[in-house]
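Colleague: Below you'll find the structure I mean.
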Amino acid sequence: MMALLVFFIGLVVFIIGVVLAIVAALLQGARGNEGGMSGGAVIVIGPIPIVIGSNREAGKTLMILAIILSLIAFLLFLIPYVLRVM
């Protein structure tokens with residue numbers, strides 16, 4: 001039962017991520033080329049996120065997102081232990 005719950009939580013998080021990526025792409029396309037393009041990537045090795053950004057603003061945004069995602073992952077790992085104690 002616990003494995004099924006964790007699976008569905010992961011599936012929901014994945015679907016939310018895909019929807020957010022599509023919305024971001026549509027919003028970027030609607031704005032046109034009024035500003036420069038910026039981007040970056042987050043590489044997660046174990047619990048440590050490594051952020052690569054094309055400029056300072058992209059790096060800050062990705063660092064905040066990496067911290068939030070790391071905290072969410074940590075909390076999701078704790079779910080089985082919390083439910084076992086209860």
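A note on labels: chains of the structure tokens are A, B, ... as shown, every chain counts residues from 1, and ligands are counted from 1 in their shown order.
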Compile the contact shell of stretch 56-61 of chain A as a PyMOL selection string: residues with an atom at most 9 Å away, counting only C-alpha atoms, same-chain residues fewer than 6 positions apart removed.

Modeller: chain A and resi 38-41

Colleague: Restricting it to N, CA and C atoms, dump the selection as a PDB file, in the first residue's frame.

Modeller:
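Contents of result.pdb, as written:
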```pdb
ATOM      1  N   SER A  38      17.844  33.160 -21.753  1.00  0.00           N
ATOM      2  CA  SER A  38      18.707  32.670 -20.687  1.00  0.00           C
ATOM      3  C   SER A  38      18.215  31.299 -20.274  1.00  0.00           C
ATOM      4  N   GLY A  39      19.095  30.550 -19.687  1.00  0.00           N
ATOM      5  CA  GLY A  39      18.710  29.207 -19.283  1.00  0.00           C
ATOM      6  C   GLY A  39      19.737  28.624 -18.351  1.00  0.00           C
ATOM      7  N   GLY A  40      19.543  27.376 -18.031  1.00  0.00           N
ATOM      8  CA  GLY A  40      20.467  26.703 -17.143  1.00  0.00           C
ATOM      9  C   GLY A  40      20.028  25.286 -16.897  1.00  0.00           C
ATOM     10  N   ALA A  41      20.705  24.646 -15.969  1.00  0.00           N
ATOM     11  CA  ALA A  41      20.400  23.260 -15.652  1.00  0.00           C
ATOM     12  C   ALA A  41      20.743  22.987 -14.199  1.00  0.00           C
TER      13      ALA A  41
END
```

Colleague: Using only C-alpha atoms for the distances, tell me which of A:Ala73, A:Leu27, A:Val82, A:Ile52 is nearest to A:Gly10.

Modeller: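 Closest to A:Gly10 of all the choices is A:Ala73.
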
Colleague: Looking only at the backbone, which of the residues in chain A does DSSP tag as helix (DSSP H, G or I), as a PyMOL selection string?

Modeller: chain A and resi 2-31+56-85

Colleague: Quick one: of A:Ile43, A:Met1, A:Ile72, A:Ile67, who's nearest to A:Val13, counting only C-alpha atoms?

Modeller: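 When distances to A:Val13 are compared using only C-alpha atoms, the smallest one comes from A:Ile72.
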
Colleague: Excluding A:Met2 and its own-chain neighbours fewer than 5 positions away, which residues fall within 12 Å of it when counting only C-alpha atoms? Please give them as a compact mmCIF listing (two decimals) with all heavy atoms, in the first residue's frame.

Modeller:
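Here's the written file around-v6.txt:
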```
# COMPACT_ATOMS: atom_id res chain seq x y z
N PHE A 7 4.25 5.86 -5.33
CA PHE A 7 4.19 5.88 -6.79
C PHE A 7 3.26 6.97 -7.30
O PHE A 7 3.62 7.74 -8.20
CB PHE A 7 3.73 4.52 -7.32
CG PHE A 7 3.44 4.52 -8.80
CD1 PHE A 7 4.47 4.51 -9.72
CD2 PHE A 7 2.14 4.56 -9.26
CE1 PHE A 7 4.22 4.52 -11.08
CE2 PHE A 7 1.87 4.58 -10.61
CZ PHE A 7 2.91 4.56 -11.53
N PHE A 8 2.08 7.08 -6.70
CA PHE A 8 1.13 8.09 -7.16
C PHE A 8 1.58 9.50 -6.82
O PHE A 8 1.35 10.43 -7.60
CB PHE A 8 -0.27 7.81 -6.59
CG PHE A 8 -0.99 6.73 -7.35
CD1 PHE A 8 -1.39 5.58 -6.71
CD2 PHE A 8 -1.24 6.85 -8.70
CE1 PHE A 8 -2.03 4.57 -7.39
CE2 PHE A 8 -1.89 5.84 -9.40
CZ PHE A 8 -2.29 4.71 -8.74
N ILE A 9 2.26 9.68 -5.69
CA ILE A 9 2.82 11.00 -5.38
C ILE A 9 3.87 11.38 -6.43
O ILE A 9 3.89 12.50 -6.93
CB ILE A 9 3.41 11.02 -3.96
CG1 ILE A 9 2.29 10.95 -2.93
CG2 ILE A 9 4.25 12.27 -3.74
CD1 ILE A 9 2.79 10.78 -1.51
N LEU A 76 9.66 13.54 1.12
CA LEU A 76 9.05 12.34 0.55
C LEU A 76 9.77 11.07 1.03
O LEU A 76 9.14 10.03 1.20
CB LEU A 76 9.05 12.40 -0.98
CG LEU A 76 8.05 13.38 -1.58
CD1 LEU A 76 8.23 13.44 -3.10
CD2 LEU A 76 6.64 13.01 -1.23
N PHE A 77 11.08 11.16 1.26
CA PHE A 77 11.80 10.01 1.79
C PHE A 77 11.40 9.73 3.24
O PHE A 77 11.53 8.61 3.71
CB PHE A 77 13.31 10.22 1.70
CG PHE A 77 13.88 9.98 0.35
CD1 PHE A 77 14.57 10.97 -0.31
CD2 PHE A 77 13.71 8.76 -0.29
CE1 PHE A 77 15.09 10.76 -1.57
CE2 PHE A 77 14.22 8.53 -1.56
CZ PHE A 77 14.91 9.54 -2.20
N ILE A 79 8.32 10.05 4.51
CA ILE A 79 6.93 9.60 4.64
C ILE A 79 6.83 8.17 5.19
O ILE A 79 6.05 7.94 6.12
CB ILE A 79 6.18 9.75 3.29
CG1 ILE A 79 5.91 11.21 3.02
CG2 ILE A 79 4.86 8.98 3.31
CD1 ILE A 79 5.28 11.48 1.67
N PRO A 80 7.55 7.19 4.67
CA PRO A 80 7.40 5.83 5.21
C PRO A 80 7.77 5.74 6.69
O PRO A 80 7.12 5.02 7.44
CB PRO A 80 8.35 4.98 4.37
CG PRO A 80 8.55 5.75 3.12
CD PRO A 80 8.43 7.18 3.50
N TYR A 81 8.77 6.47 7.12
CA TYR A 81 9.19 6.40 8.53
C TYR A 81 8.17 7.08 9.44
O TYR A 81 7.90 6.59 10.54
CB TYR A 81 10.57 7.05 8.70
CG TYR A 81 11.63 6.32 7.91
CD1 TYR A 81 12.19 6.90 6.79
CD2 TYR A 81 12.04 5.06 8.28
CE1 TYR A 81 13.14 6.23 6.05
CE2 TYR A 81 12.99 4.37 7.56
CZ TYR A 81 13.54 4.97 6.43
OH TYR A 81 14.48 4.30 5.70
N VAL A 82 7.59 8.17 8.99
CA VAL A 82 6.60 8.87 9.80
C VAL A 82 5.34 8.01 9.91
O VAL A 82 4.75 7.90 11.00
CB VAL A 82 6.28 10.24 9.20
CG1 VAL A 82 5.09 10.88 9.89
CG2 VAL A 82 7.50 11.15 9.27
N LEU A 83 4.92 7.41 8.82
CA LEU A 83 3.70 6.58 8.86
C LEU A 83 3.92 5.29 9.64
O LEU A 83 2.97 4.76 10.21
CB LEU A 83 3.23 6.29 7.44
CG LEU A 83 2.72 7.50 6.66
CD1 LEU A 83 2.31 7.09 5.26
CD2 LEU A 83 1.57 8.18 7.38
N ARG A 84 5.14 4.80 9.68
CA ARG A 84 5.44 3.58 10.42
C ARG A 84 5.36 3.83 11.92
O ARG A 84 4.94 2.99 12.69
CB ARG A 84 6.82 3.05 10.05
CG ARG A 84 7.09 1.68 10.66
CD ARG A 84 8.43 1.13 10.24
NE ARG A 84 8.47 1.02 8.77
CZ ARG A 84 9.57 1.00 8.06
NH1 ARG A 84 10.75 1.11 8.65
NH2 ARG A 84 9.56 0.89 6.77
```

Colleague: Just asking: which residues within stretch 12-60 of chain A are strand (DSSP E or B) according to DSSP, as a PDB file with all heavy atoms, in the first residue's frame?

Modeller:
```pdb
ATOM      1  N   GLY A  40      19.543  27.376 -18.031  1.00  0.00           N
ATOM      2  CA  GLY A  40      20.467  26.703 -17.143  1.00  0.00           C
ATOM      3  C   GLY A  40      20.028  25.286 -16.897  1.00  0.00           C
ATOM      4  O   GLY A  40      19.094  24.789 -17.530  1.00  0.00           O
ATOM      5  N   ALA A  41      20.705  24.646 -15.969  1.00  0.00           N
ATOM      6  CA  ALA A  41      20.400  23.260 -15.652  1.00  0.00           C
ATOM      7  C   ALA A  41      20.743  22.987 -14.199  1.00  0.00           C
ATOM      8  O   ALA A  41      21.583  23.663 -13.609  1.00  0.00           O
ATOM      9  CB  ALA A  41      21.202  22.322 -16.552  1.00  0.00           C
ATOM     10  N   VAL A  42      20.055  22.006 -13.638  1.00  0.00           N
ATOM     11  CA  VAL A  42      20.353  21.533 -12.293  1.00  0.00           C
ATOM     12  C   VAL A  42      20.694  20.056 -12.403  1.00  0.00           C
ATOM     13  O   VAL A  42      19.908  19.266 -12.927  1.00  0.00           O
ATOM     14  CB  VAL A  42      19.156  21.727 -11.342  1.00  0.00           C
ATOM     15  CG1 VAL A  42      19.459  21.144  -9.975  1.00  0.00           C
ATOM     16  CG2 VAL A  42      18.793  23.184 -11.223  1.00  0.00           C
ATOM     17  N   ILE A  43      21.876  19.700 -11.937  1.00  0.00           N
ATOM     18  CA  ILE A  43      22.309  18.306 -11.920  1.00  0.00           C
ATOM     19  C   ILE A  43      22.331  17.875 -10.462  1.00  0.00           C
ATOM     20  O   ILE A  43      22.987  18.506  -9.642  1.00  0.00           O
ATOM     21  CB  ILE A  43      23.708  18.153 -12.544  1.00  0.00           C
ATOM     22  CG1 ILE A  43      23.697  18.681 -13.979  1.00  0.00           C
ATOM     23  CG2 ILE A  43      24.168  16.705 -12.494  1.00  0.00           C
ATOM     24  CD1 ILE A  43      25.070  18.858 -14.571  1.00  0.00           C
ATOM     25  N   VAL A  44      21.586  16.830 -10.143  1.00  0.00           N
ATOM     26  CA  VAL A  44      21.507  16.366  -8.761  1.00  0.00           C
ATOM     27  C   VAL A  44      22.304  15.074  -8.637  1.00  0.00           C
ATOM     28  O   VAL A  44      21.987  14.072  -9.267  1.00  0.00           O
ATOM     29  CB  VAL A  44      20.048  16.152  -8.327  1.00  0.00           C
ATOM     30  CG1 VAL A  44      19.987  15.689  -6.888  1.00  0.00           C
ATOM     31  CG2 VAL A  44      19.248  17.420  -8.507  1.00  0.00           C
ATOM     32  N   ILE A  45      23.351  15.123  -7.823  1.00  0.00           N
ATOM     33  CA  ILE A  45      24.167  13.944  -7.540  1.00  0.00           C
ATOM     34  C   ILE A  45      23.987  13.628  -6.061  1.00  0.00           C
ATOM     35  O   ILE A  45      24.519  14.356  -5.210  1.00  0.00           O
ATOM     36  CB  ILE A  45      25.649  14.181  -7.881  1.00  0.00           C
ATOM     37  CG1 ILE A  45      25.792  14.526  -9.359  1.00  0.00           C
ATOM     38  CG2 ILE A  45      26.483  12.968  -7.508  1.00  0.00           C
ATOM     39  CD1 ILE A  45      27.185  14.892  -9.778  1.00  0.00           C
ATOM     40  N   ILE A  48      23.139  16.460  -3.359  1.00  0.00           N
ATOM     41  CA  ILE A  48      23.788  17.734  -3.667  1.00  0.00           C
ATOM     42  C   ILE A  48      23.387  18.203  -5.065  1.00  0.00           C
ATOM     43  O   ILE A  48      23.718  17.559  -6.065  1.00  0.00           O
ATOM     44  CB  ILE A  48      25.323  17.591  -3.586  1.00  0.00           C
ATOM     45  CG1 ILE A  48      25.718  17.111  -2.207  1.00  0.00           C
ATOM     46  CG2 ILE A  48      26.001  18.894  -3.944  1.00  0.00           C
ATOM     47  CD1 ILE A  48      27.159  16.700  -2.099  1.00  0.00           C
ATOM     48  N   PRO A  49      22.682  19.350  -5.156  1.00  0.00           N
ATOM     49  CA  PRO A  49      22.358  19.904  -6.476  1.00  0.00           C
ATOM     50  C   PRO A  49      23.507  20.768  -7.001  1.00  0.00           C
ATOM     51  O   PRO A  49      24.119  21.532  -6.264  1.00  0.00           O
ATOM     52  CB  PRO A  49      21.120  20.759  -6.208  1.00  0.00           C
ATOM     53  CG  PRO A  49      21.213  21.132  -4.779  1.00  0.00           C
ATOM     54  CD  PRO A  49      21.972  20.032  -4.090  1.00  0.00           C
ATOM     55  N   ILE A  50      23.819  20.627  -8.281  1.00  0.00           N
ATOM     56  CA  ILE A  50      24.826  21.447  -8.947  1.00  0.00           C
ATOM     57  C   ILE A  50      24.084  22.292  -9.973  1.00  0.00           C
ATOM     58  O   ILE A  50      23.399  21.769 -10.846  1.00  0.00           O
ATOM     59  CB  ILE A  50      25.893  20.568  -9.627  1.00  0.00           C
ATOM     60  CG1 ILE A  50      26.594  19.708  -8.582  1.00  0.00           C
ATOM     61  CG2 ILE A  50      26.883  21.425 -10.393  1.00  0.00           C
ATOM     62  CD1 ILE A  50      27.484  18.646  -9.163  1.00  0.00           C
ATOM     63  N   VAL A  51      24.216  23.612  -9.863  1.00  0.00           N
ATOM     64  CA  VAL A  51      23.465  24.541 -10.706  1.00  0.00           C
ATOM     65  C   VAL A  51      24.393  25.152 -11.748  1.00  0.00           C
ATOM     66  O   VAL A  51      25.484  25.605 -11.432  1.00  0.00           O
ATOM     67  CB  VAL A  51      22.823  25.659  -9.853  1.00  0.00           C
ATOM     68  CG1 VAL A  51      22.113  26.657 -10.726  1.00  0.00           C
ATOM     69  CG2 VAL A  51      21.866  25.065  -8.832  1.00  0.00           C
ATOM     70  N   ILE A  52      23.930  25.156 -12.998  1.00  0.00           N
ATOM     71  CA  ILE A  52      24.651  25.774 -14.108  1.00  0.00           C
ATOM     72  C   ILE A  52      23.686  26.761 -14.759  1.00  0.00           C
ATOM     73  O   ILE A  52      22.611  26.369 -15.210  1.00  0.00           O
ATOM     74  CB  ILE A  52      25.093  24.720 -15.141  1.00  0.00           C
ATOM     75  CG1 ILE A  52      25.968  23.658 -14.479  1.00  0.00           C
ATOM     76  CG2 ILE A  52      25.799  25.373 -16.305  1.00  0.00           C
ATOM     77  CD1 ILE A  52      26.184  22.441 -15.329  1.00  0.00           C
ATOM     78  N   GLY A  53      24.054  28.046 -14.791  1.00  0.00           N
ATOM     79  CA  GLY A  53      23.186  29.054 -15.375  1.00  0.00           C
ATOM     80  C   GLY A  53      23.924  29.899 -16.388  1.00  0.00           C
ATOM     81  O   GLY A  53      25.131  30.100 -16.279  1.00  0.00           O
TER      82      GLY A  53
END
```

Colleague: Could you state the separation of atom CA of A:Met63 and atom CA of A:Pro47 in Å, given to one decimal place?

Modeller: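 Calculated distance between atom CA of A:Met63 and atom CA of A:Pro47 is 13.6 Å.
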
Colleague: Kindly give the distance, in Å, that separates atom CA of A:Ile64 and atom CA of A:Val19, rounded to a single decimal.

Modeller: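 Atom CA of A:Val19 lies 19.5 Å from atom CA of A:Ile64.
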